file coords-v8.cif (mmCIF, C-alpha atoms)
data_structure
#
loop_
_atom_site.label_atom_id
_atom_site.label_comp_id
_atom_site.auth_asym_id
_atom_site.auth_seq_id
_atom_site.Cartn_x
_atom_site.Cartn_y
_atom_site.Cartn_z
CA MET A 1 -26.10 9.18 -13.39
CA GLY A 2 -26.38 7.60 -9.95
CA ARG A 3 -26.96 4.13 -11.37
CA THR A 4 -24.10 4.56 -13.81
CA SER A 5 -21.71 5.61 -11.05
CA ASP A 6 -22.91 2.77 -8.85
CA ALA A 7 -22.23 0.19 -11.57
CA ARG A 8 -18.69 1.49 -12.04
CA GLU A 9 -18.04 1.38 -8.31
CA ARG A 10 -19.35 -2.20 -8.12
CA ILE A 11 -17.00 -3.24 -10.91
CA LEU A 12 -14.04 -1.56 -9.19
CA SER A 13 -14.91 -3.10 -5.82
CA ALA A 14 -15.33 -6.57 -7.27
CA ALA A 15 -12.12 -6.29 -9.27
CA ARG A 16 -10.11 -5.15 -6.27
CA SER A 17 -11.45 -7.98 -4.10
CA LEU A 18 -10.74 -10.59 -6.78
CA ILE A 19 -7.25 -9.21 -7.51
CA GLU A 20 -6.42 -9.32 -3.79
CA THR A 21 -7.55 -12.93 -3.40
CA ARG A 22 -6.81 -14.44 -6.82
CA GLY A 23 -4.36 -12.17 -8.58
CA TYR A 24 -4.83 -10.29 -11.84
CA SER A 25 -3.78 -12.67 -14.60
CA ALA A 26 -6.28 -15.43 -13.84
CA LEU A 27 -9.28 -13.10 -13.87
CA GLY A 28 -11.61 -12.68 -16.81
CA VAL A 29 -13.99 -9.84 -17.56
CA ALA A 30 -17.00 -12.14 -17.29
CA GLU A 31 -15.99 -13.25 -13.79
CA ILE A 32 -15.51 -9.67 -12.66
CA CYS A 33 -18.93 -8.72 -14.01
CA ARG A 34 -20.59 -11.69 -12.29
CA ALA A 35 -19.02 -10.71 -8.98
CA ALA A 36 -20.11 -7.10 -9.50
CA GLY A 37 -23.64 -8.09 -10.54
CA VAL A 38 -23.53 -6.10 -13.76
CA PRO A 39 -23.90 -7.12 -17.42
CA LYS A 40 -20.71 -7.57 -19.41
CA GLY A 41 -21.60 -4.62 -21.60
CA SER A 42 -21.33 -2.36 -18.57
CA PHE A 43 -17.66 -3.24 -18.23
CA TYR A 44 -16.78 -1.91 -21.67
CA TYR A 45 -18.90 1.18 -21.10
CA PHE A 46 -16.46 2.21 -18.34
CA PHE A 47 -13.19 0.48 -19.25
CA ASP A 48 -11.39 -0.12 -22.55
CA SER A 49 -9.69 -3.26 -21.30
CA LYS A 50 -8.85 -5.30 -18.24
CA GLU A 51 -5.60 -3.34 -18.00
CA SER A 52 -7.47 -0.03 -17.82
CA LEU A 53 -9.60 -1.52 -15.04
CA ALA A 54 -6.47 -2.58 -13.15
CA LEU A 55 -5.09 0.95 -13.45
CA ALA A 56 -8.36 2.35 -12.09
CA VAL A 57 -8.25 -0.09 -9.16
CA ILE A 58 -4.66 0.94 -8.46
CA ASP A 59 -5.52 4.65 -8.57
CA GLU A 60 -8.55 4.27 -6.33
CA HIS A 61 -6.61 2.21 -3.79
CA TRP A 62 -3.74 4.71 -3.79
CA ALA A 63 -6.10 7.64 -3.25
CA THR A 64 -7.37 5.92 -0.10
CA GLN A 65 -3.94 4.82 1.07
CA GLN A 66 -2.36 8.20 0.40
CA ARG A 67 -4.89 9.86 2.70
CA ALA A 68 -4.22 7.27 5.39
CA TRP A 69 -0.45 7.70 5.10
CA ALA A 70 -0.76 11.49 5.20
CA SER A 71 -2.88 11.25 8.34
CA ALA A 72 -0.48 8.82 10.05
CA LEU A 73 2.65 10.75 9.14
CA GLY A 74 1.20 14.21 9.79
CA GLY A 75 0.26 16.01 12.96
CA GLU A 76 2.16 17.67 15.79
CA ALA A 77 3.84 14.61 17.30
CA ARG A 78 7.58 14.09 16.97
CA PRO A 79 8.65 12.47 13.68
CA LEU A 80 9.62 9.00 14.91
CA PRO A 81 6.30 8.33 16.71
CA ARG A 82 4.50 9.41 13.52
CA LEU A 83 6.49 6.92 11.49
CA ARG A 84 5.74 4.24 14.06
CA ARG A 85 2.05 5.09 13.77
CA LEU A 86 2.21 4.29 10.05
CA PHE A 87 3.58 0.81 10.84
CA GLU A 88 0.97 0.22 13.54
CA GLU A 89 -1.90 1.27 11.28
CA THR A 90 -0.56 -0.95 8.47
CA GLU A 91 -0.50 -3.94 10.82
CA ALA A 92 -3.97 -3.11 12.14
CA GLY A 93 -5.35 -2.94 8.61
CA LEU A 94 -3.88 -6.31 7.68
CA ARG A 95 -5.18 -7.83 10.90
CA ALA A 96 -8.70 -6.51 10.23
CA GLY A 97 -8.59 -7.97 6.73
CA GLN A 98 -7.46 -11.33 8.08
CA GLN A 99 -10.30 -11.38 10.60
CA SER A 100 -12.75 -10.57 7.80
CA CYS A 101 -11.69 -13.07 5.14
CA GLY A 102 -9.38 -15.50 6.98
CA THR A 103 -6.16 -14.61 5.18
CA VAL A 104 -3.62 -11.80 5.14
CA SER A 105 -4.09 -10.25 1.70
CA GLY A 106 -0.79 -8.36 1.73
CA CYS A 107 -0.23 -5.13 -0.19
CA LEU A 108 -2.18 -4.67 -3.42
CA PHE A 109 0.73 -2.73 -4.94
CA GLY A 110 3.31 -5.28 -3.87
CA ASN A 111 1.20 -8.16 -5.13
CA LEU A 112 0.75 -6.52 -8.52
CA THR A 113 4.42 -5.61 -8.70
CA LEU A 114 5.38 -9.25 -8.32
CA GLU A 115 2.76 -10.43 -10.79
CA MET A 116 2.57 -7.70 -13.41
CA SER A 117 5.67 -5.51 -13.53
CA ASN A 118 7.19 -7.47 -16.42
CA GLN A 119 3.94 -7.82 -18.36
CA THR A 120 2.55 -4.32 -18.85
CA GLU A 121 4.49 -1.08 -18.97
CA ALA A 122 1.52 1.07 -17.98
CA ILE A 123 0.99 -0.82 -14.72
CA ARG A 124 4.73 -0.95 -14.03
CA THR A 125 5.03 2.82 -14.49
CA ARG A 126 2.04 3.56 -12.25
CA LEU A 127 3.36 1.32 -9.48
CA GLN A 128 6.77 3.01 -9.71
CA GLU A 129 5.08 6.38 -9.28
CA ILE A 130 3.18 5.19 -6.22
CA PHE A 131 6.20 3.68 -4.50
CA ASP A 132 8.19 6.84 -5.28
CA ALA A 133 5.41 8.89 -3.66
CA GLN A 134 5.49 6.65 -0.59
CA VAL A 135 9.25 7.12 -0.35
CA GLU A 136 8.87 10.91 -0.55
CA MET A 137 6.28 10.91 2.24
CA VAL A 138 8.52 8.87 4.52
CA ALA A 139 11.61 10.86 3.52
CA SER A 140 10.09 14.09 4.76
CA VAL A 141 9.55 12.54 8.19
CA ILE A 142 13.07 11.10 8.29
CA ALA A 143 14.52 14.47 7.25
CA GLU A 144 12.64 16.09 10.13
CA ALA A 145 13.99 13.48 12.55
CA ALA A 146 17.50 14.05 11.19
CA GLY A 147 17.07 17.77 11.71
CA ARG A 148 16.26 17.05 15.35
CA GLN A 149 19.34 14.78 15.51
CA GLU A 150 17.10 11.85 16.40
CA VAL A 151 18.41 9.70 13.56
CA GLU A 152 21.70 9.49 11.72
CA VAL A 153 21.29 9.03 7.97
CA ALA A 154 23.41 10.21 5.06
CA ASP A 155 20.48 10.63 2.68
CA PRO A 156 16.89 10.81 4.01
CA ARG A 157 15.43 9.75 0.67
CA GLU A 158 17.59 6.64 0.39
CA ALA A 159 16.87 5.84 4.03
CA ALA A 160 13.16 6.22 3.27
CA ARG A 161 13.48 3.87 0.31
CA ALA A 162 15.00 1.26 2.66
CA VAL A 163 12.21 1.80 5.20
CA VAL A 164 9.47 1.41 2.57
CA ALA A 165 11.24 -1.69 1.20
CA GLN A 166 11.41 -3.16 4.70
CA LEU A 167 7.74 -2.44 5.31
CA GLU A 168 6.78 -3.98 1.97
CA GLY A 169 8.96 -7.02 2.62
CA GLN A 170 7.47 -7.65 6.06
CA VAL A 171 3.97 -7.33 4.62
CA LEU A 172 4.98 -9.91 2.00
CA PHE A 173 6.11 -12.27 4.78
CA ALA A 174 2.85 -11.65 6.66
CA LYS A 175 0.97 -12.72 3.52
CA LEU A 176 3.21 -15.74 2.93
CA TYR A 177 2.88 -17.03 6.50
CA ASN A 178 -0.68 -15.70 6.93
CA SER A 179 0.42 -14.04 10.15
CA THR A 180 0.50 -10.36 11.05
CA HIS A 181 2.99 -11.25 13.79
CA ARG A 182 5.62 -11.11 11.05
CA LEU A 183 5.39 -7.33 11.33
CA GLY A 184 6.39 -7.44 15.00
CA PRO A 185 10.13 -6.71 14.54
CA LEU A 186 9.49 -3.94 12.01
CA TRP A 187 9.82 -0.95 14.33
CA ALA A 188 12.99 -2.12 16.07
CA ASN A 189 14.56 -2.90 12.70
CA CYS A 190 13.54 0.52 11.40
CA LEU A 191 15.19 2.28 14.35
CA ALA A 192 18.38 0.33 13.77
CA LEU A 193 18.30 1.12 10.05
CA LEU A 194 17.93 4.84 10.79
CA GLY A 195 20.58 4.88 13.49
CA ALA A 196 17.99 6.30 15.89
CA ARG A 197 19.50 8.33 18.70
CA ALA A 198 16.34 9.89 20.10
CA PRO A 199 15.53 9.87 23.80
CA GLN A 200 13.48 6.82 24.73
CA GLU A 201 10.32 8.84 25.33
CA ALA A 202 10.56 10.42 21.87
CA VAL A 203 11.05 7.06 20.15
CA ALA A 204 8.19 5.46 22.04
CA GLY A 205 5.90 8.44 21.58
CA ILE A 206 5.40 8.86 25.31
#
call {"tool": "encode", "arguments": {"input": "coords-v8.cif", "output": "structure tokens"}}
result
Amino acid sequence: MGRTSDARERILSAARSLIETRGYSALGVAEICRAAGVPKGSFYYFFDSKESLALAVIDEHWATQQRAWASALGGEARPLPRLRRLFEETEAGLRAGQQSCGTVSGCLFGNLTLEMSNQTEAIRTRLQEIFDAQVEMVASVIAEAAGRQEVEVADPREAARAVVAQLEGQVLFAKLYNSTHRLGPLWANCLALLGARAPQEAVAGI
């Protein structure tokens, strides 16, 4: 059982790395198996198709990211510093990836949205679900900030959608220009978008 599980994890890890660097469409099953160091037959033992593998990669990545987002957005701090922490941790993650492989890989979900959303309904639907979940997580923080009268928004969920879109867009620019500095204006833009009215120490997390 251990070897079987290990082979599946190697396939998932190789597929995620290749999708991040090369995209999904150009990949073949044989290439994924070579990178994973497993025979081609192992692929079809675990996955019905390349699409089912992509869905598994998406689910595994979201499970990890969801925990990270929950950690960043949770806790006892005021809501705006928690939201800022999410941005800072996103930038730190991209910077660590750039130092490791030399390029900013961007967001796996954003990359696949651009490449695959018009090609496969299953992947499109799963990505929609993930982005909706991200919006809900951010919306709860914005609603808390609104309750404290630290921001002025008509609809916390729509404001959260704009915040997630801005984050995703800045990550896209960071990938395009291969520079995490593109995320620099993100927090100031977010405060303006939310009509932040919090005291300076609350906004800064001091």
call {"tool": "residues_near_point", "arguments": {"input": "coords-v8.cif", "point": "(3.1, 17.0, 10.3)", "cutoff": "12 Å", "atoms": "only C-alpha atoms", "output": "list in words"}}
result
Trp69, Ala70, Ser71, Ala72, Leu73, Gly74, Gly75, Glu76, Ala77, Arg78, Pro79, Leu80, Pro81, Arg82, Leu83, Met137, Val138, Ser140, Val141, Ile142, Glu144 and Ala145 of chain A
call {"tool": "resolve_selection", "arguments": {"input": "coords-v8.cif", "expression": "the PyMOL selection byres ((chain A and resi 101-107) around 9)", "output": "list of chain:residue names"}}
result
A:Glu20, A:Thr21, A:Leu94, A:Arg95, A:Ala96, A:Gly97, A:Gln98, A:Gln99, A:Ser100, A:Leu108, A:Phe109, A:Gly110, A:Asn111, A:Leu112, A:Glu168, A:Val171, A:Leu172, A:Phe173, A:Ala174, A:Lys175, A:Leu176, A:Tyr177, A:Asn178, A:Ser179, A:Thr180
call {"tool": "closest_residue", "arguments": {"input": "coords-v8.cif", "among": "A:Leu183, A:Leu193, A:Ile130, A:Ile123", "to": "Glu158 in chain A", "atoms": "all atoms listed in the file"}}
result
A:Leu193
call {"tool": "closest_residue", "arguments": {"input": "coords-v8.cif", "among": "A:Arg10, A:Arg16, A:Gln65, A:Asp48", "to": "Glu89 in chain A", "atoms": "all atoms listed in the file"}}
result
A:Gln65
call {"tool": "resolve_selection", "arguments": {"input": "coords-v8.cif", "expression": "the PyMOL selection byres ((chain A and resi 134) around 9)", "output": "list in words"}}
result
Gln66, Trp69, Glu129, Ile130, Phe131, Asp132, Ala133, Val135, Glu136, Met137, Val138, Ala139, Ala160, Arg161 and Val164 of chain A
call {"tool": "residues_around", "arguments": {"input": "coords-v8.cif", "residues": "Ala143 in chain A", "least_positions_apart": "6", "cutoff": "10 Å", "atoms": "all atoms listed in the file", "output": "PyMOL selection string"}}
result
chain A and resi 79+149-153+155-157+159-160
call {"tool": "write_last_selection", "arguments": {"input": "coords-v8.cif", "atoms": "C-alpha atoms", "output": "PDB file, in the frame of the given file"}}
result
ATOM      1  CA  PRO A  79       8.650  12.470  13.680  1.00  0.00           C
ATOM      2  CA  GLN A 149      19.340  14.780  15.510  1.00  0.00           C
ATOM      3  CA  GLU A 150      17.100  11.850  16.400  1.00  0.00           C
ATOM      4  CA  VAL A 151      18.410   9.700  13.560  1.00  0.00           C
ATOM      5  CA  GLU A 152      21.700   9.490  11.720  1.00  0.00           C
ATOM      6  CA  VAL A 153      21.290   9.030   7.970  1.00  0.00           C
ATOM      7  CA  ASP A 155      20.480  10.630   2.680  1.00  0.00           C
ATOM      8  CA  PRO A 156      16.890  10.810   4.010  1.00  0.00           C
ATOM      9  CA  ARG A 157      15.430   9.750   0.670  1.00  0.00           C
ATOM     10  CA  ALA A 159      16.870   5.840   4.030  1.00  0.00           C
ATOM     11  CA  ALA A 160      13.160   6.220   3.270  1.00  0.00           C
TER      12      ALA A 160
END
